[in-house]
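Structure file query_37.txt (compact mmCIF, C-alpha atoms) is printed below.
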# COMPACT_ATOMS: atom_id res chain seq x y z
CA MET A 1 12.55 5.60 28.12
CA LYS A 2 12.22 4.27 24.57
CA THR A 3 8.70 4.26 23.10
CA THR A 4 7.52 0.86 21.89
CA VAL A 5 5.06 0.63 19.00
CA CYS A 6 3.31 -2.58 18.02
CA LEU A 7 2.51 -2.60 14.29
CA SER A 8 -0.42 -4.87 13.42
CA ALA A 9 0.31 -6.16 9.91
CA ASP A 10 -1.27 -8.66 7.54
CA SER A 11 1.49 -10.27 5.49
CA ILE A 12 2.21 -13.66 7.02
CA ASN A 13 -0.30 -15.59 4.90
CA TYR A 14 0.98 -14.09 1.63
CA PRO A 15 4.73 -14.78 1.65
CA GLU A 16 4.92 -14.58 -2.15
CA GLY A 17 3.77 -10.94 -2.07
CA GLY A 18 6.99 -8.94 -1.93
CA GLY A 19 5.21 -5.67 -2.62
CA HIS A 20 2.47 -6.45 -0.11
CA PHE A 21 5.13 -6.91 2.58
CA TRP A 22 6.54 -3.45 1.81
CA VAL A 23 3.17 -1.85 2.66
CA TYR A 24 3.88 -2.66 6.30
CA LEU A 25 7.67 -2.65 6.16
CA ASN A 26 7.81 1.03 5.18
CA TRP A 27 5.82 1.89 8.33
CA ALA A 28 8.01 -0.35 10.49
CA LEU A 29 11.23 1.14 9.12
CA GLY A 30 9.87 4.63 9.67
CA LEU A 31 9.10 3.77 13.28
CA LYS A 32 12.57 2.27 13.71
CA SER A 33 14.24 5.37 12.23
CA ASN A 34 12.64 7.47 14.97
CA GLY A 35 14.24 5.32 17.63
CA TYR A 36 11.03 3.51 18.58
CA GLU A 37 11.19 -0.13 19.50
CA VAL A 38 9.06 -2.01 16.94
CA ILE A 39 6.96 -5.11 17.53
CA TRP A 40 5.50 -6.67 14.37
CA LEU A 41 2.16 -8.34 15.16
CA GLU A 42 0.52 -10.86 12.83
CA GLY A 43 -2.71 -12.80 13.20
CA ILE A 44 -2.68 -16.51 12.40
CA ALA A 45 -5.20 -19.35 12.64
CA PRO A 46 -5.28 -21.14 16.01
CA GLU A 47 -4.11 -24.39 14.41
CA MET A 48 -0.35 -24.17 13.92
CA THR A 49 -0.13 -26.13 10.67
CA GLU A 50 3.08 -27.02 8.89
CA GLN A 51 2.41 -24.25 6.36
CA ALA A 52 1.80 -21.74 9.14
CA ARG A 53 5.12 -22.63 10.77
CA ALA A 54 6.86 -22.26 7.41
CA ASN A 55 5.30 -18.83 6.94
CA VAL A 56 6.46 -17.80 10.41
CA THR A 57 10.02 -18.83 9.56
CA ILE A 58 9.94 -16.91 6.27
CA LEU A 59 8.65 -13.77 7.97
CA GLN A 60 11.21 -14.01 10.77
CA GLY A 61 13.99 -14.21 8.18
CA ARG A 62 12.69 -11.19 6.30
CA LEU A 63 12.35 -9.10 9.44
CA GLU A 64 15.89 -10.06 10.44
CA LYS A 65 17.16 -8.84 7.08
CA TYR A 66 15.69 -5.40 7.72
CA GLY A 67 16.96 -5.01 11.26
CA LEU A 68 13.77 -6.19 12.94
CA GLY A 69 14.94 -9.56 14.19
CA GLY A 70 13.14 -10.80 17.28
CA SER A 71 10.26 -8.38 16.73
CA LEU A 72 7.60 -10.85 15.53
CA ALA A 73 4.57 -11.36 17.78
CA LEU A 74 1.62 -13.62 17.01
CA CYS A 75 -2.04 -13.48 17.98
CA CYS A 76 -5.09 -15.50 17.00
CA ARG A 77 -6.64 -14.34 13.74
CA THR A 78 -10.15 -15.38 14.77
CA ALA A 79 -12.22 -13.36 17.23
CA THR A 80 -12.89 -16.22 19.63
CA GLY A 81 -9.93 -18.57 19.25
CA THR A 82 -6.67 -18.68 21.18
CA LEU A 83 -3.17 -19.82 20.33
CA ALA A 84 -1.93 -22.78 22.32
CA GLY A 85 1.59 -21.42 22.03
CA VAL A 86 3.92 -19.48 19.78
CA PRO A 87 6.93 -20.75 17.83
CA GLU A 88 10.42 -20.18 19.14
CA GLY A 89 11.64 -16.63 18.69
CA CYS A 90 8.13 -15.11 18.62
CA LEU A 91 6.44 -12.96 21.23
CA SER A 92 3.01 -13.76 22.59
CA LEU A 93 0.15 -11.28 22.39
CA HIS A 94 0.41 -10.83 26.15
CA ALA A 95 4.09 -9.91 25.93
CA ALA A 96 3.50 -7.54 23.01
CA ALA A 97 0.67 -5.74 24.79
CA GLU A 98 2.66 -5.46 28.02
CA ARG A 99 5.63 -3.86 26.24
CA ALA A 100 3.83 -1.62 23.72
CA ASP A 101 2.98 2.01 24.38
CA LEU A 102 0.82 2.10 21.25
CA LEU A 103 -0.83 -0.37 18.88
CA LEU A 104 -0.59 0.95 15.32
CA ASN A 105 -3.19 -1.15 13.55
CA LEU A 106 -3.02 -1.47 9.76
CA ARG A 107 -5.17 -4.62 9.82
CA TYR A 108 -8.68 -3.46 10.58
CA THR A 109 -10.03 -6.97 10.96
CA THR A 110 -7.94 -7.20 14.14
CA SER A 111 -10.45 -8.38 16.73
CA PRO A 112 -11.65 -6.24 19.64
CA ALA A 113 -10.24 -8.88 21.97
CA VAL A 114 -6.76 -8.15 20.62
CA VAL A 115 -7.05 -4.37 20.36
CA SER A 116 -8.41 -4.04 23.89
CA ARG A 117 -5.26 -5.66 25.29
CA PHE A 118 -3.28 -2.53 24.40
CA SER A 119 -3.39 0.60 26.56
CA ARG A 120 -3.37 2.86 23.48
CA SER A 121 -4.41 2.12 19.91
CA ALA A 122 -4.55 3.86 16.54
CA LEU A 123 -6.17 2.52 13.37
CA VAL A 124 -4.74 3.37 9.94
CA ASP A 125 -7.20 3.04 7.04
CA ILE A 126 -5.44 2.08 3.79
CA ASP A 127 -8.64 1.57 1.76
CA PRO A 128 -10.08 5.12 1.85
CA GLY A 129 -13.69 5.37 0.74
CA LEU A 130 -14.19 1.61 0.66
CA LEU A 131 -13.71 1.14 4.39
CA GLN A 132 -16.05 4.01 5.22
CA ILE A 133 -18.76 2.63 2.93
CA TRP A 134 -18.37 -0.85 4.40
CA LEU A 135 -18.71 0.61 7.89
CA SER A 136 -21.74 2.72 6.97
CA GLU A 137 -23.49 -0.25 5.37
CA GLY A 138 -22.61 -2.61 8.19
CA THR A 139 -20.59 -4.89 5.90
CA ILE A 140 -17.78 -4.93 8.45
CA THR A 141 -17.21 -3.73 11.98
CA ILE A 142 -13.96 -2.65 13.55
CA ALA A 143 -12.69 -2.60 17.10
CA ARG A 144 -12.79 0.60 19.09
CA HIS A 145 -9.52 2.58 18.92
CA ASP A 146 -8.27 5.77 20.54
CA ILE A 147 -7.77 7.55 17.22
CA TYR A 148 -8.46 6.83 13.54
CA PHE A 149 -6.26 7.77 10.58
CA SER A 150 -6.91 7.48 6.84
CA ILE A 151 -4.56 7.87 3.89
CA GLY A 152 -7.45 9.37 1.87
CA GLU A 153 -7.37 13.17 1.97
CA THR A 154 -11.11 13.53 1.43
CA VAL A 155 -12.19 11.01 4.08
CA GLY A 156 -14.50 12.70 6.58
CA GLN A 157 -14.28 16.04 4.78
CA ALA A 158 -17.18 18.22 3.66
CA GLY A 159 -18.13 17.43 0.09
CA ALA A 160 -16.74 13.89 0.15
CA LYS A 161 -18.47 11.46 -2.22
CA PHE A 162 -18.91 8.87 0.52
CA PRO A 163 -19.87 8.87 4.24
CA GLY A 164 -17.37 8.94 7.09
CA GLY A 165 -18.66 5.77 8.69
CA GLY A 166 -19.46 7.50 11.98
CA ILE A 167 -15.80 8.11 12.85
CA ALA A 168 -13.71 11.26 13.27
CA TRP A 169 -10.89 10.64 10.78
CA HIS A 170 -7.44 12.22 10.83
CA TYR A 171 -5.55 12.38 7.55
CA THR A 172 -2.10 10.87 7.35
CA PRO A 173 -0.11 10.47 4.16
CA PRO A 174 0.90 6.94 3.26
CA CYS A 175 4.64 6.53 3.67
CA VAL A 176 7.85 5.23 2.19
CA SER A 177 11.12 4.80 4.04
CA ALA A 178 13.19 7.15 1.87
CA ALA A 179 16.39 6.03 3.60
CA ASP A 180 15.72 2.45 2.50
CA TRP A 181 14.64 3.41 -1.03
CA PRO A 182 17.64 5.34 -2.37
CA VAL A 183 17.72 7.00 -5.76
CA SER A 184 18.64 4.40 -8.35
CA LYS A 185 19.51 4.75 -12.02
CA ALA A 186 17.24 2.93 -14.46
CA GLY A 187 18.53 -0.18 -16.15
CA ALA A 188 19.51 -0.12 -19.81
CA ASP A 189 16.18 -1.71 -20.70
CA GLY A 190 14.16 0.10 -18.05
CA ARG A 191 10.54 0.87 -18.91
CA PHE A 192 7.57 2.65 -17.42
CA THR A 193 5.83 -0.14 -15.58
CA THR A 194 3.71 -1.16 -12.64
CA ILE A 195 3.17 -4.33 -10.60
CA SER A 196 -0.37 -5.48 -10.08
CA THR A 197 -3.02 -8.13 -10.00
CA TRP A 198 -5.18 -8.07 -13.14
CA TRP A 199 -8.49 -9.90 -13.10
CA ALA A 200 -10.22 -10.21 -9.72
CA GLU A 201 -13.70 -11.00 -8.48
CA GLU A 202 -13.88 -7.63 -6.80
CA TRP A 203 -17.11 -5.70 -7.16
CA MET A 204 -18.30 -2.42 -5.71
CA GLU A 205 -21.92 -1.41 -5.20
CA TYR A 206 -22.66 2.10 -3.97
CA GLY A 207 -24.98 4.94 -4.90
CA GLY A 208 -27.12 2.69 -7.06
CA GLU A 209 -24.14 1.55 -9.16
CA LEU A 210 -22.57 -1.88 -9.38
CA TYR A 211 -19.20 -2.08 -11.08
CA ARG A 212 -16.17 -4.32 -11.26
CA ASN A 213 -13.33 -2.93 -9.17
CA ASP A 214 -10.24 -4.76 -10.38
CA LYS A 215 -7.10 -3.38 -12.00
CA ARG A 216 -8.02 -4.54 -15.50
CA SER A 217 -11.22 -2.51 -15.31
CA GLY A 218 -9.14 0.50 -14.29
CA PHE A 219 -7.05 0.13 -17.45
CA GLU A 220 -10.08 0.08 -19.74
CA GLY A 221 -9.82 3.10 -21.99
CA TYR A 222 -6.01 3.01 -21.86
CA PHE A 223 -5.20 -0.26 -23.60
CA ASP A 224 -4.19 1.62 -26.77
CA LEU A 225 -1.68 3.84 -24.96
CA PRO A 226 1.50 2.24 -26.42
CA GLY A 227 0.45 3.43 -29.87
CA GLN A 228 0.08 7.02 -28.61
CA THR A 229 3.54 7.51 -27.07
CA THR A 230 7.21 6.78 -27.68
CA ALA A 231 7.72 5.80 -24.02
CA PRO A 232 8.41 2.07 -23.51
CA LEU A 233 5.63 0.47 -21.45
CA GLU A 234 5.53 -2.73 -19.43
CA LEU A 235 3.06 -4.38 -17.06
CA ALA A 236 4.13 -6.92 -14.43
CA LEU A 237 0.88 -8.75 -13.83
CA CYS A 238 -0.49 -11.64 -11.83
CA MET A 239 -2.24 -13.59 -14.57
CA ALA A 240 -3.42 -17.18 -14.67
CA ALA A 241 -1.64 -19.69 -16.88
CA ASN A 242 -4.72 -19.97 -19.11
CA GLU A 243 -4.78 -16.23 -19.83
CA HIS A 244 -2.32 -16.53 -22.74
CA LYS A 245 -4.83 -14.96 -25.14
CA GLU A 246 -5.15 -11.88 -22.93
CA ARG A 247 -1.39 -11.60 -22.69
CA ALA A 248 -0.93 -11.97 -26.45
CA TRP A 249 -3.61 -9.33 -27.05
CA LEU A 250 -1.88 -6.82 -24.76
CA GLU A 251 1.49 -7.54 -26.33
CA GLY A 252 -0.05 -7.00 -29.75
CA LEU A 253 -1.06 -3.51 -28.62
CA GLY A 254 2.53 -2.71 -27.68
CA TRP A 255 2.71 -3.58 -23.98
CA ARG A 256 5.50 -5.78 -22.73
CA ILE A 257 4.06 -8.21 -20.18
CA ARG A 258 5.99 -9.74 -17.30
CA ASP A 259 4.89 -12.26 -14.71
CA SER A 260 4.64 -10.38 -11.42
CA ALA A 261 5.69 -13.49 -9.48
CA ALA A 262 8.94 -13.57 -11.43
CA VAL A 263 9.88 -10.01 -10.47
CA SER A 264 8.31 -9.35 -7.06
CA SER A 265 7.85 -12.55 -5.04
CA THR A 266 10.31 -11.35 -2.38
CA PRO A 267 10.77 -7.86 -0.89
CA TRP A 268 14.21 -7.45 -2.46
CA GLU A 269 13.06 -8.62 -5.90
CA TYR A 270 10.20 -6.12 -5.73
CA GLN A 271 12.61 -3.34 -4.82
CA HIS A 272 15.08 -4.27 -7.54
CA TYR A 273 12.37 -4.32 -10.19
CA ILE A 274 11.12 -0.85 -9.25
CA GLN A 275 14.62 0.59 -9.02
CA ASP A 276 15.60 -0.89 -12.37
CA SER A 277 12.59 0.69 -14.08
CA ARG A 278 12.43 4.03 -15.86
CA GLY A 279 9.30 5.12 -14.00
CA GLU A 280 5.77 4.08 -13.26
CA PHE A 281 2.68 4.17 -15.40
CA SER A 282 -0.50 2.92 -13.79
CA CYS A 283 -4.25 3.30 -13.71
CA ALA A 284 -6.16 3.16 -10.42
CA LYS A 285 -8.98 0.84 -9.46
CA PRO A 286 -12.32 2.33 -10.55
CA SER A 287 -13.44 2.98 -6.96
CA CYS A 288 -10.59 5.44 -6.37
CA VAL A 289 -11.58 7.49 -9.41
CA ARG A 290 -15.31 7.37 -8.66
CA LEU A 291 -14.94 8.18 -4.97
CA GLN A 292 -12.29 10.89 -5.54
CA ASN A 293 -10.40 9.93 -2.39
CA ALA A 294 -7.05 11.49 -3.45
CA TRP A 295 -5.51 8.03 -3.07
CA ILE A 296 -1.91 7.33 -4.02
CA SER A 297 -0.45 3.85 -4.02
CA ASP A 298 2.28 2.79 -1.61
CA ARG A 299 3.91 1.28 -4.70
CA THR A 300 3.96 4.67 -6.42
CA LEU A 301 5.74 6.13 -3.38
CA CYS A 302 8.47 3.50 -3.80
CA PHE A 303 8.94 4.64 -7.40
CA LEU A 304 9.10 8.29 -6.36
CA ALA A 305 11.59 7.70 -3.56
CA SER A 306 13.79 5.79 -6.01
CA GLY A 307 13.89 8.88 -8.23
CA LYS A 308 11.42 7.46 -10.75
CA PRO A 309 8.75 9.75 -12.20
CA ALA A 310 5.24 8.36 -11.92
CA ILE A 311 2.36 8.88 -14.35
CA VAL A 312 -0.79 7.70 -12.59
CA GLN A 313 -4.53 8.20 -12.84
CA HIS A 314 -6.08 11.23 -11.15
CA THR A 315 -8.03 10.26 -8.02
CA GLY A 316 -9.25 13.63 -6.81
CA PRO A 317 -8.10 17.04 -5.54
CA SER A 318 -5.09 16.97 -3.24
CA ARG A 319 -3.17 19.38 -1.06
CA SER A 320 0.15 17.65 -1.72
CA LEU A 321 -0.09 15.64 -4.94
CA PRO A 322 1.09 17.61 -7.98
CA ASP A 323 -0.35 17.00 -11.41
CA ALA A 324 2.83 17.62 -13.40
CA ALA A 325 6.03 17.61 -11.32
CA GLY A 326 7.70 14.28 -10.61
CA LEU A 327 4.19 12.88 -10.25
CA PHE A 328 1.79 13.33 -13.19
CA ARG A 329 -1.94 12.59 -12.82
CA PHE A 330 -3.99 12.00 -15.96
CA THR A 331 -7.72 11.92 -16.65
CA SER A 332 -7.73 10.71 -20.27
CA LEU A 333 -5.79 8.64 -22.78
CA GLU A 334 -4.59 11.80 -24.48
CA GLU A 335 -3.32 13.28 -21.23
CA ALA A 336 -1.55 10.06 -20.31
CA ALA A 337 0.31 10.00 -23.64
CA GLN A 338 1.24 13.67 -23.39
CA MET A 339 2.52 13.24 -19.84
CA LEU A 340 4.68 10.26 -20.77
CA ASP A 341 6.22 12.24 -23.63
CA THR A 342 6.78 15.23 -21.33
CA VAL A 343 8.63 13.08 -18.82
CA GLN A 344 10.70 11.51 -21.57
CA ALA A 345 11.80 14.95 -22.80
CA ASP A 346 12.63 16.21 -19.28
CA TYR A 347 13.64 12.97 -17.66
CA GLU A 348 16.54 13.90 -15.36
CA ARG A 349 14.72 16.87 -13.83
CA GLN A 350 11.56 14.82 -13.33
CA CYS A 351 13.62 12.17 -11.53
CA ARG A 352 14.86 14.80 -9.09
CA LEU A 353 11.35 16.15 -8.57
CA ALA A 354 10.07 12.65 -7.88
CA ARG A 355 12.57 12.10 -5.08
CA GLU A 356 11.94 15.58 -3.65
CA LEU A 357 8.20 14.89 -3.53
CA ALA A 358 8.73 11.63 -1.64
CA GLU A 359 11.04 13.30 0.87
CA ALA A 360 8.82 16.35 1.39
CA HIS A 361 5.45 14.66 1.91
CA PHE A 362 5.76 10.90 2.34
CA ASP A 363 8.96 10.11 4.19
CA ALA A 364 8.17 7.40 6.73
CA ARG A 365 10.25 8.97 9.48
CA ALA A 366 8.13 12.14 9.58
CA VAL A 367 4.83 10.36 8.90
CA THR A 368 5.22 7.76 11.64
CA ARG A 369 6.46 10.29 14.19
CA ARG A 370 3.34 12.41 13.74
CA VAL A 371 1.00 9.41 13.87
CA VAL A 372 2.62 8.07 17.05
CA GLU A 373 2.60 11.46 18.75
CA LEU A 374 -1.08 11.99 17.95
CA GLY A 375 -1.89 8.44 18.96
CA LEU A 376 -0.32 8.81 22.36
CA ALA A 377 -1.82 12.26 22.92
CA SER A 378 -5.35 11.26 21.93
CA SER A 379 -5.32 8.31 24.29
CA ALA A 380 -4.20 10.53 27.14
CA ARG A 381 -7.30 12.67 26.52
CA GLY A 382 -9.55 9.58 26.52
CA GLU A 383 -10.93 10.04 22.99
CA LYS A 384 -11.95 6.46 22.24
CA THR A 385 -14.97 6.30 19.95
CA LEU A 386 -17.34 3.72 18.43

Kindly return the structure encoded in the file as structure tokens.
Amino acid sequence: MKTTVCLSADSINYPEGGGHFWVYLNWALGLKSNGYEVIWLEGIAPEMTEQARANVTILQGRLEKYGLGGSLALCCRTATGTLAGVPEGCLSLHAAAERADLLLNLRYTTSPAVVSRFSRSALVDIDPGLLQIWLSEGTITIARHDIYFSIGETVGQAGAKFPGGGIAWHYTPPCVSAADWPVSKAGADGRFTTISTWWAEEWMEYGGELYRNDKRSGFEGYFDLPGQTTAPLELALCMAANEHKERAWLEGLGWRIRDSAAVSSTPWEYQHYIQDSRGEFSCAKPSCVRLQNAWISDRTLCFLASGKPAIVQHTGPSRSLPDAAGLFRFTSLEEAAQMLDTVQADYERQCRLARELAEAHFDARAVTRRVVELGLASSARGEKTL
């Protein structure tokens, strides 16, 4: 009998986020490649507004495009509310829970009332370090699951720079569906780039420190990089219309700036932009560097699978992340410049190494199979915690 996995995602209220959609789509495609039946579960507000119905239609169309037509299920986003009904073509929470052998929850605000409907459940933490701190400080609570996974290698390990949040964590790599991200040759004007928000009112307070935790803060110390390397650099950023001075300043330093909405507002535009690039250059949010969680972005995995070398900021010791082979991890402006020049001089080989790394450690087919197998086995042993 075919195993059915219900993937709890959080994309329906952000239809303009093509890259955000791929966070969940890579997991869904990995599940599908293993022969599992996939149900895609989204939480929505109990009031089915005109905008909500439009978002449902958009998501249904996107799932259809990737071979997941008819898979969308809806539940109430609030802990106490209920949906009066679901739009045509969508499954109810009741139907999803009846059919699913496992809930694979990537949306940790999913309410206990929803999680408890499923006979087996696994949580996947995609904010390593931050989630554990929030749990330890009581900032958020999560529903009880049968097993808990984190994409941070140091989560729950001895010597970690943050607590485990009272949970026994199992490490899982993040994943990319290598079959759906084929190797692609860079465009004639391809550059080393990344796609990101820029300014954000995101702050982190821990260990007596308060610091801004947005992407712009992560790039501080690296603004002068274009003058230190011959590699062409570009940033596709979400910037407000009134930030023209910031944009002009970055361009004056040698960065080419693109509007992220113009290149990644749909899943296929996001994919095309990455596959047309020469590689990735990106800094991490400050929390990843400070917490040393060995984090790697799902976006970076899409670059690697596409045969694009990635030069990214070092986020801590890792068992699988190399520092100079397809993926380069820098700790200073000087290292970043040297790594970009190294990749430029050895480009074709580094492209091959990038793809090999994605296939060896992050392929969604292998990652999802292991997570599902452990999820089903842990439930059978009755290991629910919290």

Taking all atoms listed in the file into account, produce a table as a tab-separated table in which each residue of range 189-265 of chain A with an atom at most 12 Å from an atom of range 120-134 of chain A appears once, together with its shortest atom pair and the distance in Å to one decimal, ordered by chain and rising number.
residue	atom	partner	partner_atom	distance
A:Glu202	CA	A:Leu130	CA	11.9
A:Trp203	CA	A:Leu130	CA	11.1
A:Met204	CA	A:Leu130	CA	8.6
A:Glu205	CA	A:Ile133	CA	9.6
A:Tyr206	CA	A:Ile133	CA	7.9
A:Gly207	CA	A:Ile133	CA	10.3
A:Asn213	CA	A:Leu130	CA	10.9

Show which residues sit within 10 Å of Arg369 in chain A, as a PyMOL selection string. Count only C-alpha atoms, and ignore same-chain residues fewer than 4 positions away. chain A and resi 30-31+33-36+364-365+373-375

If we count all atoms listed in the file, what is near range 77-85 of chain A at a cut-off of 12 Å, once residues fewer than 6 positions away on the same chain are taken out, given as a ChimeraX atom specification? /A:8-10,12-13,41-49,53,91-94,107-115,142-143

Mind pulling up the distance from CA of Phe223 in chain A to CA of His244 in chain A?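 Taking CA of His244 in chain A and CA of Phe223 in chain A, their separation equals 16.5 Å.
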
Using only C-alpha atoms, pick whichever of A:Ala96, A:Val371, A:Leu7, A:Glu209 has the shortest atom-to-atom distance to Val23 in chain A. A:Leu7

Select, from A:Phe192, A:Trp181, A:Phe330, A:Tyr171, the residue with the minimum atom-to-atom distance to Phe149 in chain A, counting all atoms listed in the file. A:Tyr171

Please provide as a ChimeraX atom specification all residues within 9 Å of range 343-351 of chain A, with the sequence filter that same-chain residues fewer than 2 positions apart are discarded (counting all atoms listed in the file). /A:183,230-231,279,304,306-309,311,325-328,338-341,353-356

Under the rule that only C-alpha atoms are counted, which of A:Gly165, A:Ser119, A:Leu103, A:Glu334 is the nearest residue to Ser136 in chain A?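 Closest to Ser136 in chain A of all the choices is A:Gly165.
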
Non-local contacts of Thr194 in chain A (8 Å; only C-alpha atoms; under 2 positions in same chain excluded) as a PyMOL selection string: chain A and resi 192+196+234-236+280-282

Do you know which residues are at most 10 Å from Cys90 in chain A counting only C-alpha atoms, after dropping those on the same chain fewer than 3 positions away, and could you put them as a ChimeraX atom specification? /A:40-41,56-57,60,69-74,85-87,93,95-96

For C-alpha atoms, I'd like the residues from the last selection saved as a PDB file, keeping the file's coordinate frame.
ATOM      1  CA  TRP A  40       5.500  -6.670  14.370  1.00  0.00           C
ATOM      2  CA  LEU A  41       2.160  -8.340  15.160  1.00  0.00           C
ATOM      3  CA  VAL A  56       6.460 -17.800  10.410  1.00  0.00           C
ATOM      4  CA  THR A  57      10.020 -18.830   9.560  1.00  0.00           C
ATOM      5  CA  GLN A  60      11.210 -14.010  10.770  1.00  0.00           C
ATOM      6  CA  GLY A  69      14.940  -9.560  14.190  1.00  0.00           C
ATOM      7  CA  GLY A  70      13.140 -10.800  17.280  1.00  0.00           C
ATOM      8  CA  SER A  71      10.260  -8.380  16.730  1.00  0.00           C
ATOM      9  CA  LEU A  72       7.600 -10.850  15.530  1.00  0.00           C
ATOM     10  CA  ALA A  73       4.570 -11.360  17.780  1.00  0.00           C
ATOM     11  CA  LEU A  74       1.620 -13.620  17.010  1.00  0.00           C
ATOM     12  CA  GLY A  85       1.590 -21.420  22.030  1.00  0.00           C
ATOM     13  CA  VAL A  86       3.920 -19.480  19.780  1.00  0.00           C
ATOM     14  CA  PRO A  87       6.930 -20.750  17.830  1.00  0.00           C
ATOM     15  CA  LEU A  93       0.150 -11.280  22.390  1.00  0.00           C
ATOM     16  CA  ALA A  95       4.090  -9.910  25.930  1.00  0.00           C
ATOM     17  CA  ALA A  96       3.500  -7.540  23.010  1.00  0.00           C
TER      18      ALA A  96
END

Using all atoms listed in the file, find the one residue out of A:Pro267, A:Gly19, A:Gly138, A:Pro226 that sits nearest to Gly252 in chain A.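 Smallest separation from Gly252 in chain A among the options: A:Pro226.
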
Atoms added to range 57-62 of chain A (all heavy atoms), reported as an mmCIF file, in the frame of the given file:
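Here's the written file out_20.cif:
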data_model
loop_
_atom_site.group_PDB
_atom_site.id
_atom_site.type_symbol
_atom_site.label_atom_id
_atom_site.label_comp_id
_atom_site.auth_asym_id
_atom_site.auth_seq_id
_atom_site.Cartn_x
_atom_site.Cartn_y
_atom_site.Cartn_z
ATOM 1 N N THR A 57 8.575 -18.805 9.781
ATOM 2 C CA THR A 57 10.020 -18.830 9.560
ATOM 3 C C THR A 57 10.431 -17.857 8.449
ATOM 4 O O THR A 57 11.434 -17.149 8.569
ATOM 5 C CB THR A 57 10.480 -20.257 9.211
ATOM 6 O OG1 THR A 57 10.144 -21.135 10.292
ATOM 7 C CG2 THR A 57 11.967 -20.304 8.961
ATOM 8 N N ILE A 58 9.645 -17.836 7.377
ATOM 9 C CA ILE A 58 9.940 -16.910 6.270
ATOM 10 C C ILE A 58 9.871 -15.470 6.757
ATOM 11 O O ILE A 58 10.770 -14.660 6.478
ATOM 12 C CB ILE A 58 8.951 -17.140 5.110
ATOM 13 C CG1 ILE A 58 9.203 -18.483 4.440
ATOM 14 C CG2 ILE A 58 9.063 -16.016 4.075
ATOM 15 C CD1 ILE A 58 8.129 -18.895 3.454
ATOM 16 N N LEU A 59 8.813 -15.146 7.499
ATOM 17 C CA LEU A 59 8.650 -13.770 7.970
ATOM 18 C C LEU A 59 9.747 -13.396 8.957
ATOM 19 O O LEU A 59 10.276 -12.274 8.908
ATOM 20 C CB LEU A 59 7.270 -13.610 8.615
ATOM 21 C CG LEU A 59 6.916 -12.202 9.123
ATOM 22 C CD1 LEU A 59 7.115 -11.149 8.040
ATOM 23 C CD2 LEU A 59 5.482 -12.172 9.641
ATOM 24 N N GLN A 60 10.121 -14.292 9.839
ATOM 25 C CA GLN A 60 11.210 -14.010 10.770
ATOM 26 C C GLN A 60 12.501 -13.690 10.016
ATOM 27 O O GLN A 60 13.229 -12.752 10.374
ATOM 28 C CB GLN A 60 11.437 -15.206 11.703
ATOM 29 C CG GLN A 60 10.381 -15.375 12.775
ATOM 30 C CD GLN A 60 10.614 -16.617 13.613
ATOM 31 O OE1 GLN A 60 10.892 -17.699 13.077
ATOM 32 N NE2 GLN A 60 10.499 -16.482 14.925
ATOM 33 N N GLY A 61 12.780 -14.448 8.965
ATOM 34 C CA GLY A 61 13.990 -14.210 8.180
ATOM 35 C C GLY A 61 13.966 -12.855 7.487
ATOM 36 O O GLY A 61 14.987 -12.156 7.426
ATOM 37 N N ARG A 62 12.798 -12.480 6.983
ATOM 38 C CA ARG A 62 12.690 -11.190 6.300
ATOM 39 C C ARG A 62 12.838 -10.037 7.283
ATOM 40 O O ARG A 62 13.499 -9.035 6.988
ATOM 41 C CB ARG A 62 11.363 -11.119 5.547
ATOM 42 C CG ARG A 62 11.348 -12.044 4.343
ATOM 43 C CD ARG A 62 10.034 -12.012 3.587
ATOM 44 N NE ARG A 62 10.131 -12.875 2.410
ATOM 45 C CZ ARG A 62 9.139 -13.088 1.558
ATOM 46 N NH1 ARG A 62 7.953 -12.525 1.766
ATOM 47 N NH2 ARG A 62 9.311 -13.879 0.515
#
